[in-house]
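Scroll down for the structure; my scribbles are underneath it.
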Amino acid sequence: MNPKAPGSVVFENVRKSFGAFTAIPDLSLTIEPGTLVTLLGPSGCGKTTTLRMLAGLEHPSSGRILIGGKDVTMLPANERDVSMVFQSYALFPHMTALDNVAYGLESSGMKRKEAREKAENALSLVGLAGMGVRLPAELSGGQQQRVAVARALVVEPQVLLLDEPLSNLDARLRRRVRTDIRELQQRLGFTAVYVTHDQDEALAVSDRIIVMKDGGIAQQGAPRELYDAPASAFIADFMGEANVMPCDIIEVDGDSATIAIEGLRHKVNGRSVKRGPAQLAVRPNAITLTPRRDDSPFNGQIVHSAYLGDHVEYEVQTERGSLFVVDTTVDAALPPRTDVAIAFKDRGIAVIGG
């Protein structure tokens, strides 16, 4: 395979309505060539509608979509230089893996011998060399998904679209296949737009994550940026669990700020914050619990604990509400009704906008 230069993707003020319902009010975004960008969000947020408009399966009510600088807004799906990997794989059950991969090439008029050579090469790229003679029913779920990826890549699209590609796989297989997809994308350098509702999946594969809510962009950025510096309570909770609680910002010094909860003082990233009441997002693994002392500034009581092998989960009741805590010190697990002192680690804490 000699892939084409990867294409950029641009949405300019795109609106999509279905009758009286507006799924996408006004969407503008840019995806740089050669990057893997994930559209992430809960059901109904607009991510699948966005992907379908990019694929040409839906057309915007207004606005423009460009792929590689070309306006494709009203072009049909078969005239866009994109390929799609579907959630259901959509393999022909009566065809071998090789025939499935070669099908699109042969349908476009390529000679059978050349198409099959390209298909064999594509199967090799996804780690299925020598397995082209098998029918889909003779392949595992992960292998079927790789065939679907090979079929999409063999036509050398400017942009590869992946719609919930791992949702039909079990947890262990999802981890392996997402690694395969990411390594393949980095090795070949194609542009990929990946849709999922799974936060771990998005964090693992993405150059950039676009979190969608109500048809718009709630926040976008690199995975670490979204996890470490969520802009809102919605992002903090959606990008992994977070405890959101009121606090007071008592001091701002350049890029750092000091927050107060009860008698506890703690420094956090303070970019663009002001003194006064605020909200704090604290990851469950950013909280430490120790037996309460008379001089402990922030206290609570364990109301529930659960041992999960490599960690213990606690529910801790405080005057600021209930906290969910994850602790890896399983050999010194604290029982329910233990009075505890609460402290924060340096990482996993952010002041949020609401």
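Numbering starts fresh at 1 for the residues of each chain in the structure tokens, the chains themselves are lettered A, B, ... in the order given, and ligands are numbered from 1 as they appear.
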(request) Excluding A:Asp228 and any residue of its chain fewer than 3 positions from it, enumerate the residues within 8 Å of it, using only C-alpha atoms, and give them as a list in words. (result) Arg224, Glu225, Arg347, Gly348, Ile349 and Ala350 of chain A
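Near stretch 176-182 of chain A, within a cut-off of 10 Å and counting only C-alpha atoms, sit the residues Leu36, Val126, Gly127, Gly141, Gly142, Gln143, Gln145, Arg146, Val149, Pro165, Leu166, Leu169, Ala192, Glu201, Ala202, Ala204, Val205, Ser206 and Asp207 of chain A, with same-chain residues fewer than 6 positions away left out.
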Do you have, as CSV, the list of residues of stretch 213-318 of chain A lying at most 12 Å from stretch 10-27 of chain A, each with its nearest atom pair and that distance in Å to one decimal, counting only C-alpha atoms and ordered by chain then number?
residue,atom,partner,partner_atom,distance
A:Lys213,CA,A:Ile24,CA,9.8
A:Asp214,CA,A:Ala23,CA,7.4
A:Gly215,CA,A:Ile24,CA,4.3
A:Gly216,CA,A:Leu27,CA,6.0
A:Ile217,CA,A:Leu27,CA,7.5
A:Ala218,CA,A:Leu27,CA,11.1
With only C-alpha atoms as the counted atoms, please give the residues lying no more than 10 Å from A:Leu125, apart from itself and same-chain residues fewer than 2 positions off, as a PDB file with C-alpha atoms, in the first residue's frame.
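The result, written out as part.pdb:
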ATOM      1  CA  MET A   1       0.000   0.000   0.000  1.00  0.00           C
ATOM      2  CA  ALA A 119      -5.929  -6.889  -0.173  1.00  0.00           C
ATOM      3  CA  GLU A 120      -3.254  -9.360   0.932  1.00  0.00           C
ATOM      4  CA  ASN A 121      -0.952  -6.458   1.747  1.00  0.00           C
ATOM      5  CA  ALA A 122      -3.716  -4.780   3.767  1.00  0.00           C
ATOM      6  CA  LEU A 123      -4.357  -7.973   5.730  1.00  0.00           C
ATOM      7  CA  GLY A 127      -1.608  -8.686  11.421  1.00  0.00           C
ATOM      8  CA  LEU A 128      -3.717 -11.184   9.472  1.00  0.00           C
ATOM      9  CA  ALA A 129      -1.201 -12.443   6.925  1.00  0.00           C
ATOM     10  CA  ARG A 146      -9.136  -6.093  11.771  1.00  0.00           C
ATOM     11  CA  VAL A 149     -10.103  -1.991   9.186  1.00  0.00           C
ATOM     12  CA  ALA A 150      -8.097  -3.556   6.339  1.00  0.00           C
ATOM     13  CA  LEU A 153      -7.654   1.150   4.500  1.00  0.00           C
ATOM     14  CA  VAL A 154      -7.082  -0.734   1.253  1.00  0.00           C
ATOM     15  CA  LEU A 184      -1.404   1.312  12.722  1.00  0.00           C
ATOM     16  CA  ARG A 187       2.752   3.927  11.501  1.00  0.00           C
ATOM     17  CA  LEU A 188       0.816   4.847   8.337  1.00  0.00           C
TER      18      LEU A 188
END
(request) Find the residues around A:Leu323 up to 12 Å (only C-alpha atoms counted), leave out those fewer than 2 positions away in its own chain, and share them as a PyMOL selection string. (result) chain A and resi 241-245+281-289+299-305+313-321+325-326+342-343
(request) Mind listing the strand (DSSP E) residues of stretch 124-325 of chain A, per DSSP on the backbone, as number ranges by chain? (result) A: 159-163, 191-196, 208-213, 216-221, 243-253, 256-261, 264-269, 276-282, 287-291, 299-307, 312-318, 321-325
Contact residues around A:Arg292 with only C-alpha atoms at 8 Å, ignoring same-chain residues under 4 positions, as an mmCIF file with all heavy atoms, in the first residue's frame:
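Below is the file that was written, around_36.cif:
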data_model
loop_
_atom_site.group_PDB
_atom_site.id
_atom_site.type_symbol
_atom_site.label_atom_id
_atom_site.label_comp_id
_atom_site.auth_asym_id
_atom_site.auth_seq_id
_atom_site.Cartn_x
_atom_site.Cartn_y
_atom_site.Cartn_z
ATOM 1 N N SER A 296 -6.735 17.430 62.713
ATOM 2 C CA SER A 296 -6.980 17.224 61.274
ATOM 3 C C SER A 296 -7.882 18.330 60.737
ATOM 4 O O SER A 296 -8.963 18.582 61.289
ATOM 5 C CB SER A 296 -7.639 15.866 61.045
ATOM 6 O OG SER A 296 -6.827 14.813 61.514
ATOM 7 N N ASN A 299 -12.176 16.480 57.693
ATOM 8 C CA ASN A 299 -12.458 15.153 58.218
ATOM 9 C C ASN A 299 -13.723 14.551 57.605
ATOM 10 O O ASN A 299 -14.544 15.246 57.016
ATOM 11 C CB ASN A 299 -12.618 15.218 59.739
ATOM 12 C CG ASN A 299 -11.388 15.793 60.417
ATOM 13 O OD1 ASN A 299 -10.316 15.201 60.338
ATOM 14 N ND2 ASN A 299 -11.533 16.942 61.074
ATOM 15 N N ASP A 339 -13.420 7.117 61.512
ATOM 16 C CA ASP A 339 -13.256 8.561 61.323
ATOM 17 C C ASP A 339 -11.893 8.821 60.688
ATOM 18 O O ASP A 339 -10.863 8.311 61.170
ATOM 19 C CB ASP A 339 -13.355 9.292 62.654
ATOM 20 C CG ASP A 339 -14.759 9.241 63.254
ATOM 21 O OD1 ASP A 339 -15.722 9.298 62.466
ATOM 22 O OD2 ASP A 339 -14.886 9.110 64.483
ATOM 23 N N VAL A 340 -11.885 9.589 59.592
ATOM 24 C CA VAL A 340 -10.649 9.766 58.826
ATOM 25 C C VAL A 340 -10.334 11.236 58.596
ATOM 26 O O VAL A 340 -11.226 12.092 58.566
ATOM 27 C CB VAL A 340 -10.734 9.045 57.454
ATOM 28 C CG1 VAL A 340 -10.746 7.541 57.641
ATOM 29 C CG2 VAL A 340 -11.952 9.508 56.658
ATOM 30 N N ALA A 341 -9.045 11.507 58.442
ATOM 31 C CA ALA A 341 -8.565 12.807 57.966
ATOM 32 C C ALA A 341 -8.386 12.716 56.457
ATOM 33 O O ALA A 341 -7.904 11.709 55.937
ATOM 34 C CB ALA A 341 -7.245 13.161 58.637
#
(message) With only C-alpha atoms as the counted atoms, please give the residues lying no more than 8 Å from A:Val312, apart from itself and same-chain residues fewer than 5 positions off, as a list in words.
(response)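 Result of the neighbour search: Ser305, Ala306, Tyr307, Val326, Asp327, Thr328, Thr329, Val330 and Ala333 of chain A.
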Can you pull out the residues contacting A:Leu160? Cut-off 7 Å, using only C-alpha atoms, and skip same-chain residues under 2 positions away; I want them as a PDB file with N, CA, C and O atoms, in the first residue's frame.
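Dumped to selection22.pdb:
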ATOM      1  N   VAL A  82     -13.227   9.056   1.760  1.00  0.00           N
ATOM      2  CA  VAL A  82     -13.224   8.549   3.126  1.00  0.00           C
ATOM      3  C   VAL A  82     -13.628   7.077   3.118  1.00  0.00           C
ATOM      4  O   VAL A  82     -14.263   6.606   2.173  1.00  0.00           O
ATOM      5  N   SER A  83     -13.233   6.363   4.160  1.00  0.00           N
ATOM      6  CA  SER A  83     -13.695   4.997   4.385  1.00  0.00           C
ATOM      7  C   SER A  83     -14.178   4.899   5.811  1.00  0.00           C
ATOM      8  O   SER A  83     -13.678   5.610   6.694  1.00  0.00           O
ATOM      9  N   MET A  84     -15.128   3.995   6.043  1.00  0.00           N
ATOM     10  CA  MET A  84     -15.736   3.898   7.366  1.00  0.00           C
ATOM     11  C   MET A  84     -15.651   2.472   7.897  1.00  0.00           C
ATOM     12  O   MET A  84     -15.901   1.512   7.166  1.00  0.00           O
ATOM     13  N   PRO A 157      -7.953   5.916   1.726  1.00  0.00           N
ATOM     14  CA  PRO A 157      -8.738   7.150   1.863  1.00  0.00           C
ATOM     15  C   PRO A 157      -7.914   8.285   2.463  1.00  0.00           C
ATOM     16  O   PRO A 157      -6.894   8.053   3.122  1.00  0.00           O
ATOM     17  N   GLN A 158      -8.380   9.508   2.241  1.00  0.00           N
ATOM     18  CA  GLN A 158      -7.763  10.639   2.928  1.00  0.00           C
ATOM     19  C   GLN A 158      -8.068  10.606   4.426  1.00  0.00           C
ATOM     20  O   GLN A 158      -7.260  11.025   5.241  1.00  0.00           O
ATOM     21  N   LEU A 162     -14.185   5.814  12.112  1.00  0.00           N
ATOM     22  CA  LEU A 162     -14.426   4.633  12.933  1.00  0.00           C
ATOM     23  C   LEU A 162     -15.590   4.910  13.882  1.00  0.00           C
ATOM     24  O   LEU A 162     -15.499   5.786  14.748  1.00  0.00           O
ATOM     25  N   THR A 191      -5.243  10.187   8.587  1.00  0.00           N
ATOM     26  CA  THR A 191      -6.160  10.941   9.439  1.00  0.00           C
ATOM     27  C   THR A 191      -7.302  10.022   9.851  1.00  0.00           C
ATOM     28  O   THR A 191      -7.851   9.299   9.019  1.00  0.00           O
ATOM     29  N   ALA A 192      -7.643  10.043  11.123  1.00  0.00           N
ATOM     30  CA  ALA A 192      -8.721   9.190  11.605  1.00  0.00           C
ATOM     31  C   ALA A 192      -9.655   9.996  12.502  1.00  0.00           C
ATOM     32  O   ALA A 192      -9.204  10.791  13.333  1.00  0.00           O
ATOM     33  N   VAL A 193     -10.961   9.776  12.321  1.00  0.00           N
ATOM     34  CA  VAL A 193     -11.982  10.356  13.194  1.00  0.00           C
ATOM     35  C   VAL A 193     -12.694   9.183  13.851  1.00  0.00           C
ATOM     36  O   VAL A 193     -13.285   8.349  13.174  1.00  0.00           O
TER      37      VAL A 193
END
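Counting only C-alpha atoms, the residue from A:Phe86, A:Pro297, A:Ala152, A:Gly41 that sits nearest to A:Phe190 is A:Ala152.
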(message) Nearest residue to A:Thr38 out of A:His197, A:Arg116, A:His94, A:Arg265, using only C-alpha atoms?
(response) A:His197
(request) Go ahead and compute the interatomic distance for atom CA of A:Pro336 and atom CA of A:Phe298, in Å to one decimal. (result)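 According to the coordinates, atom CA of A:Pro336 and atom CA of A:Phe298 are separated by 17.9 Å.
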(request) Based on DSSP run over this structure's backbone, return all residues of stretch 18-99 of chain A in alpha helix (DSSP H), as number ranges by chain. (result) A: 47-55, 97-99
(request) Would you work out the distance separating atom CA of A:Val159 from atom CA of A:Met131, expressed in Å to one decimal? (result) 26.1 Å
